[in-house]
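Enquirer: Sharing query_15.txt here; it has compact mmCIF, C-alpha atoms.
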# COMPACT_ATOMS: atom_id res chain seq x y z
CA SER A 21 11.96 123.53 51.24
CA VAL A 22 13.00 126.27 48.81
CA THR A 23 11.01 129.41 48.06
CA THR A 24 12.57 129.89 44.59
CA PRO A 25 10.24 128.57 41.83
CA GLY A 26 11.39 125.56 39.79
CA ALA A 27 14.07 124.45 42.28
CA THR A 28 15.48 120.92 42.17
CA VAL A 29 17.91 119.02 44.38
CA ALA A 30 20.66 116.56 43.46
CA VAL A 31 22.03 114.26 46.19
CA ASP A 32 25.68 113.22 46.00
CA GLY A 33 25.75 114.15 42.31
CA ALA A 34 23.08 111.60 41.38
CA ALA A 35 20.86 112.26 38.37
CA PRO A 36 18.15 113.14 37.67
CA PRO A 37 17.60 115.91 40.27
CA ARG A 38 14.34 115.84 42.25
CA PRO A 39 11.83 118.72 42.29
CA LEU A 40 11.37 120.64 45.55
CA PRO A 41 9.87 120.67 48.08
CA ALA A 42 10.66 117.01 48.72
CA THR A 43 11.17 114.49 51.51
CA LEU A 44 14.29 112.39 50.98
CA ASP A 45 14.94 109.01 52.57
CA LEU A 46 18.74 108.88 52.91
CA PRO A 47 21.09 106.49 54.72
CA ALA A 48 22.89 107.86 57.78
CA GLY A 49 26.06 109.78 57.02
CA VAL A 50 27.23 112.91 55.26
CA HIS A 51 25.58 113.77 51.95
CA ARG A 52 26.26 116.51 49.42
CA LEU A 53 23.19 118.46 48.36
CA ALA A 54 23.10 120.79 45.34
CA ILE A 55 19.97 122.89 44.84
CA THR A 56 19.46 124.70 41.54
CA ALA A 57 16.71 126.76 39.93
CA PRO A 58 16.39 128.64 36.63
CA GLY A 59 17.93 132.13 36.86
CA ALA A 60 19.28 131.57 40.38
CA ARG A 61 22.63 130.82 42.02
CA GLU A 62 23.27 127.21 42.97
CA TRP A 63 23.13 126.34 46.65
CA ALA A 64 25.47 123.50 47.68
CA SER A 65 26.32 122.12 51.10
CA SER A 66 27.17 118.96 53.00
CA VAL A 67 24.46 117.70 55.36
CA LEU A 68 24.87 115.18 58.19
CA VAL A 69 21.98 112.70 58.37
CA LYS A 70 21.62 110.79 61.65
CA ALA A 71 19.90 107.43 61.95
CA GLY A 72 16.33 107.69 63.29
CA GLU A 73 16.27 111.51 63.08
CA THR A 74 14.65 113.88 60.63
CA THR A 75 16.75 116.76 59.32
CA THR A 76 14.90 119.75 57.93
CA LEU A 77 16.36 122.32 55.55
CA GLY A 78 14.76 125.60 54.63
CA PRO A 79 13.00 127.57 53.71
CA LEU A 80 15.85 128.60 51.40
CA THR A 81 15.85 131.47 48.92
CA LEU A 82 18.40 131.14 46.13
CA GLY A 83 20.29 134.33 45.28
CA ALA A 84 20.87 135.89 41.89
CA PRO A 85 23.32 133.98 39.66
CA ASP A 86 26.91 135.13 39.28
CA ALA A 87 28.14 136.79 36.14
CA ARG A 88 30.75 134.85 34.17
CA LEU A 89 33.79 136.77 32.91
CA VAL A 90 36.35 135.44 30.44
CA VAL A 91 39.63 137.38 30.14
CA ARG A 92 42.03 136.75 27.27
CA SER A 93 45.14 138.67 26.28
CA GLN A 94 47.64 138.99 23.47
CA PRO A 95 50.26 137.94 24.47
CA SER A 96 48.81 135.45 26.93
CA GLY A 97 50.12 134.72 30.41
CA ALA A 98 49.27 138.20 31.70
CA GLU A 99 48.23 138.80 35.32
CA VAL A 100 44.58 139.70 35.94
CA THR A 101 43.51 141.86 38.87
CA VAL A 102 39.81 142.38 39.63
CA ALA A 103 38.79 145.06 42.15
CA GLY A 104 42.38 145.17 43.41
CA ALA A 105 42.70 141.39 43.97
CA PHE A 106 44.91 139.09 41.87
CA ARG A 107 42.74 136.41 40.23
CA GLY A 108 45.12 134.51 37.94
CA ARG A 109 46.72 134.62 34.49
CA THR A 110 45.21 134.76 31.03
CA PRO A 111 43.37 132.98 29.56
CA LEU A 112 41.12 133.06 32.63
CA GLN A 113 37.46 132.42 33.49
CA LEU A 114 35.94 134.01 36.59
CA GLU A 115 32.60 134.14 38.35
CA LEU A 116 31.66 137.52 39.82
CA PRO A 117 28.72 138.38 42.10
CA GLY A 118 26.13 140.19 39.98
CA GLY A 119 24.85 143.73 40.36
CA THR A 120 28.29 145.37 40.78
CA ASP A 121 30.83 147.15 38.57
CA TYR A 122 34.41 145.84 38.62
CA ASP A 123 37.74 147.36 37.56
CA VAL A 124 39.76 144.79 35.62
CA LEU A 125 43.52 145.28 35.11
CA VAL A 126 45.67 143.11 32.82
CA THR A 127 49.44 143.44 33.24
CA ARG A 128 52.52 141.74 31.79
CA ALA A 129 56.19 142.62 32.14
CA GLY A 130 57.41 144.84 29.31
CA HIS A 131 53.87 145.91 28.31
CA ALA A 132 51.57 148.80 29.12
CA THR A 133 48.81 148.10 31.66
CA TRP A 134 45.39 147.41 30.11
CA GLN A 135 42.30 148.41 32.11
CA ARG A 136 38.54 148.17 31.67
CA ARG A 137 35.45 148.57 33.88
CA VAL A 138 32.75 145.92 33.53
CA ALA A 139 29.17 145.88 34.78
CA ALA A 140 28.45 142.36 36.04
CA GLN A 141 24.72 141.83 35.67
CA PRO A 142 23.37 138.64 37.29
CA GLY A 143 23.78 135.70 34.93
CA ALA A 144 25.61 137.76 32.28
CA ALA A 145 28.34 136.24 30.10
CA LEU A 146 31.16 138.78 29.66
CA ALA A 147 34.40 138.62 27.68
CA LEU A 148 37.44 140.89 27.60
CA ASP A 149 40.18 140.66 24.98
CA ALA A 150 43.23 142.69 26.01
CA ARG A 151 45.81 143.62 23.38
CA LEU A 152 48.85 144.61 25.38
CA GLU A 153 51.09 147.28 23.86
CA PRO A 154 54.81 146.47 24.15
CA ILE A 155 57.16 148.94 25.87
CA LEU A 156 60.59 148.84 24.22
CA ALA A 157 64.04 149.91 25.37
CA ALA A 158 67.31 150.14 23.44
CA LEU A 159 70.21 147.82 24.31
CA THR A 160 73.62 148.22 22.66
CA ILE A 161 76.05 145.27 22.76
CA ARG A 162 79.67 145.93 21.77
CA GLY A 163 83.14 144.68 22.60
CA GLU A 164 86.19 142.72 21.48
CA PRO A 165 86.49 140.76 19.38
CA ALA A 166 83.71 142.15 17.19
CA ASP A 167 81.50 140.16 14.81
CA ALA A 168 80.34 137.86 17.63
CA GLU A 169 76.84 136.36 17.63
CA VAL A 170 74.35 137.79 20.13
CA PHE A 171 71.65 135.68 21.82
CA VAL A 172 68.85 137.25 23.85
CA ASP A 173 66.77 134.85 25.96
CA GLY A 174 68.18 131.98 23.88
CA ALA A 175 67.30 133.46 20.46
CA SER A 176 69.91 134.72 17.98
CA ARG A 177 69.62 138.47 17.40
CA GLY A 178 72.51 139.21 14.99
CA ARG A 179 76.17 140.05 15.34
CA THR A 180 78.10 142.67 17.28
CA PRO A 181 78.22 145.59 17.46
CA ALA A 182 74.43 145.73 17.62
CA THR A 183 71.68 147.94 19.03
CA LEU A 184 68.47 146.05 19.74
CA GLN A 185 64.96 147.16 20.66
CA LEU A 186 63.80 144.81 23.42
CA LEU A 187 60.86 144.59 25.79
CA ALA A 188 61.51 146.69 28.88
CA THR A 189 61.96 143.78 31.25
CA ARG A 190 64.67 141.34 32.38
CA HIS A 191 66.67 139.48 29.70
CA GLN A 192 69.47 136.91 29.51
CA VAL A 193 72.19 138.04 27.07
CA GLU A 194 74.93 135.81 25.65
CA VAL A 195 77.76 136.62 23.22
CA ARG A 196 79.42 133.75 21.32
CA ARG A 197 82.33 133.54 18.89
CA PRO A 198 84.25 130.48 17.69
CA GLY A 199 87.53 130.10 19.55
CA SER A 200 86.34 132.16 22.53
CA GLN A 201 84.57 131.41 25.78
CA PRO A 202 80.97 132.69 25.74
CA PHE A 203 80.10 135.89 27.61
CA ARG A 204 76.87 135.78 29.62
CA THR A 205 75.06 138.44 31.61
CA GLU A 206 71.59 139.52 32.72
CA VAL A 207 70.13 142.96 32.10
CA ASP A 208 66.96 144.58 33.45
CA LEU A 209 65.82 147.18 30.93
CA THR A 210 63.98 150.30 32.02
CA PRO A 211 61.54 152.11 29.69
CA ALA A 212 62.99 155.20 27.94
CA LEU A 213 66.51 154.43 29.25
CA ALA A 214 69.10 153.10 26.77
CA ARG A 215 71.63 150.58 28.11
CA THR A 216 75.01 149.36 26.86
CA ILE A 217 76.81 146.07 27.46
CA ASP A 218 80.59 146.05 26.88
CA TYR A 219 82.16 142.61 26.63
CA ALA A 220 85.67 141.20 26.26
CA LEU A 221 85.74 137.56 25.15
CA THR A 222 88.39 135.26 26.64
CA PRO A 223 90.05 132.75 24.25
CA GLU A 224 89.25 129.09 24.88
CA GLY A 225 91.63 127.52 27.37
CA ARG A 226 92.45 130.82 29.09
CA ALA A 227 91.43 131.78 32.61
CA PRO A 228 88.70 134.43 33.02
CA GLY A 229 90.16 137.93 33.00
CA TRP A 230 93.09 136.89 30.78
CA LYS A 231 94.76 139.80 28.95
CA PRO A 232 96.97 139.48 25.86
Write out the structure in this file as structure tokens.

Expert:
Amino acid sequence: SVTTPGATVAVDGAAPPRPLPATLDLPAGVHRLAITAPGAREWASSVLVKAGETTTLGPLTLGAPDARLVVRSQPSGAEVTVAGAFRGRTPLQLELPGGTDYDVLVTRAGHATWQRRVAAQPGAALALDARLEPILAALTIRGEPADAEVFVDGASRGRTPATLQLLATRHQVEVRRPGSQPFRTEVDLTPALARTIDYALTPEGRAPGWKP
């Protein structure tokens, strides 16, 4: 039996659900019961029914429904932390116990942390849209021979010498010029700290470190 008004029970996902209280005639074995009621949290559990025996459940009181929180971000793929616990990456849908306030943090490499506090009322539908501000750092790429093409994370960004404003995170940098072996390196940019990459391209067919 269930003390919450309007409760119904579904057995093994079968429809339609039956109103409670109810006596169910079930074959022996394990069955999945899901009890729902308007404005209440669902109760679900597996119950072992033995042949020739009567199993009694209840009285049960269904708790308040969870709040549903949707977190989106621009750009997407950001990490979401709720009350200090990592919960996934955006876009993300969460269920939070109602009646409590939660601190929500959205973080992504190369962007400022975005934070909000939400009040999760029972059954509430909440949505957060985080616009993450980029944090940029300057990277200068220079060397010999000049007028080589620069690629950052696989995308062409002009020709050397060049000073680029990039997200303050880790990047793959490549310098290419016809007749020369490509130069590749990785750089981890720090906010407010300018960095410089000096390269010296080796002609095709020459060993690395070759000097004219």

Enquirer: May I ask for the distance between CA of Leu116 (chain A) and CA of Arg136 (chain A), given in Å to one decimal place?

Expert: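 If I compute the distance from CA of Leu116 (chain A) to CA of Arg136 (chain A), I get 15.1 Å.
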
Enquirer: In Å, with one decimal, what is the gap from CA of Gly97 (chain A) to CA of Arg109 (chain A)?

Expert: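 Value for the CA of Gly97 (chain A)-CA of Arg109 (chain A) distance: 5.3 Å.
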
Enquirer: Can you work out the spacing between CA of Arg162 (chain A) and CA of Glu224 (chain A) in Å, to one decimal?

Expert: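 These two atoms are separated by 19.6 Å.
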
Enquirer: Would you be able to write out as a count of residues only which residues have an atom within 6 Å of (48.1, 139.6, 24.6) in the file's coordinates, counting all atoms listed in the file?

Expert: 7

Enquirer: As a list in words, please: the residues near region 137-149 of chain A (cut-off 8 Å, all atoms listed in the file, same-chain neighbours under 4 positions excluded).

Expert: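 The neighbour list is Gly59, Ala84, Pro85, Asp86, Ala87, Arg88, Leu89, Val90, Val91, Arg92, Ser93, Gln94, Leu116, Pro117, Gly118, Gly119, Thr120, Asp121, Tyr122, Asp123 and Val124 of chain A.
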
Enquirer: Can you list, as a list in words, every protein, DNA or RNA residue that comes within 6 Å of Leu187 (chain A) when you count all atoms listed in the file, leaving out same-chain residues fewer than 6 positions away?

Expert: Gly130, Ile155 and Leu156 of chain A

Enquirer: Extract, using all atoms listed in the file, all DNA, RNA and protein residues at most 8 Å from Val126 (chain A), discarding same-chain residues fewer than 4 positions from it, and format them as a PyMOL selection string.

Expert: chain A and resi 93+98-101+133-135+150

Enquirer: Please, what is the axis-aligned box for every listed atom of region 215-219 of chain A with 5 Å on each side, as centre and edge lengths in Å to one decimal, as lines of an AutoDock Vina configuration file?

Expert:
center_x = 76.9
center_y = 146.6
center_z = 27.4
size_x = 20.5
size_y = 18.0
size_z = 11.5

Enquirer: Which one of A:Leu114, A:Ala129, A:Leu68, A:Ala54 sits closest to Ala34 (chain A) if you count all atoms listed in the file?

Expert: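 Under the stated criterion, the closest residue is A:Ala54.
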
Enquirer: Name all residues at most 12 Å from Thr43 (chain A) (count all atoms listed in the file; drop same-chain ones fewer than 5 positions away) and give them as an MDAnalysis selection string.

Expert: chainID A and resid 21 29 38 74:77

Enquirer: Write out as a VMD selection string the residues lying within 8 Å of Leu82 (chain A), counting only C-alpha atoms and excluding same-chain residues fewer than 4 positions away.

Expert: chain A and resid 22 to 24 56 to 57 60 to 63

Enquirer: From the set A:Val195, A:Ala214, A:Leu125, A:Ala105, which residue has the shortest atom-to-atom contact distance to Ala157 (chain A), counting all atoms listed in the file?

Expert: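 Between A:Val195, A:Ala214, A:Leu125, A:Ala105, the residue approaching Ala157 (chain A) most closely is A:Ala214.
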
Enquirer: Find the residue from A:Gly72, A:Pro202, A:Pro41, A:Pro111 that sits nearest to Phe171 (chain A); use all atoms listed in the file when measuring.

Expert: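 For Phe171 (chain A), the nearest of the given residues is A:Pro202.
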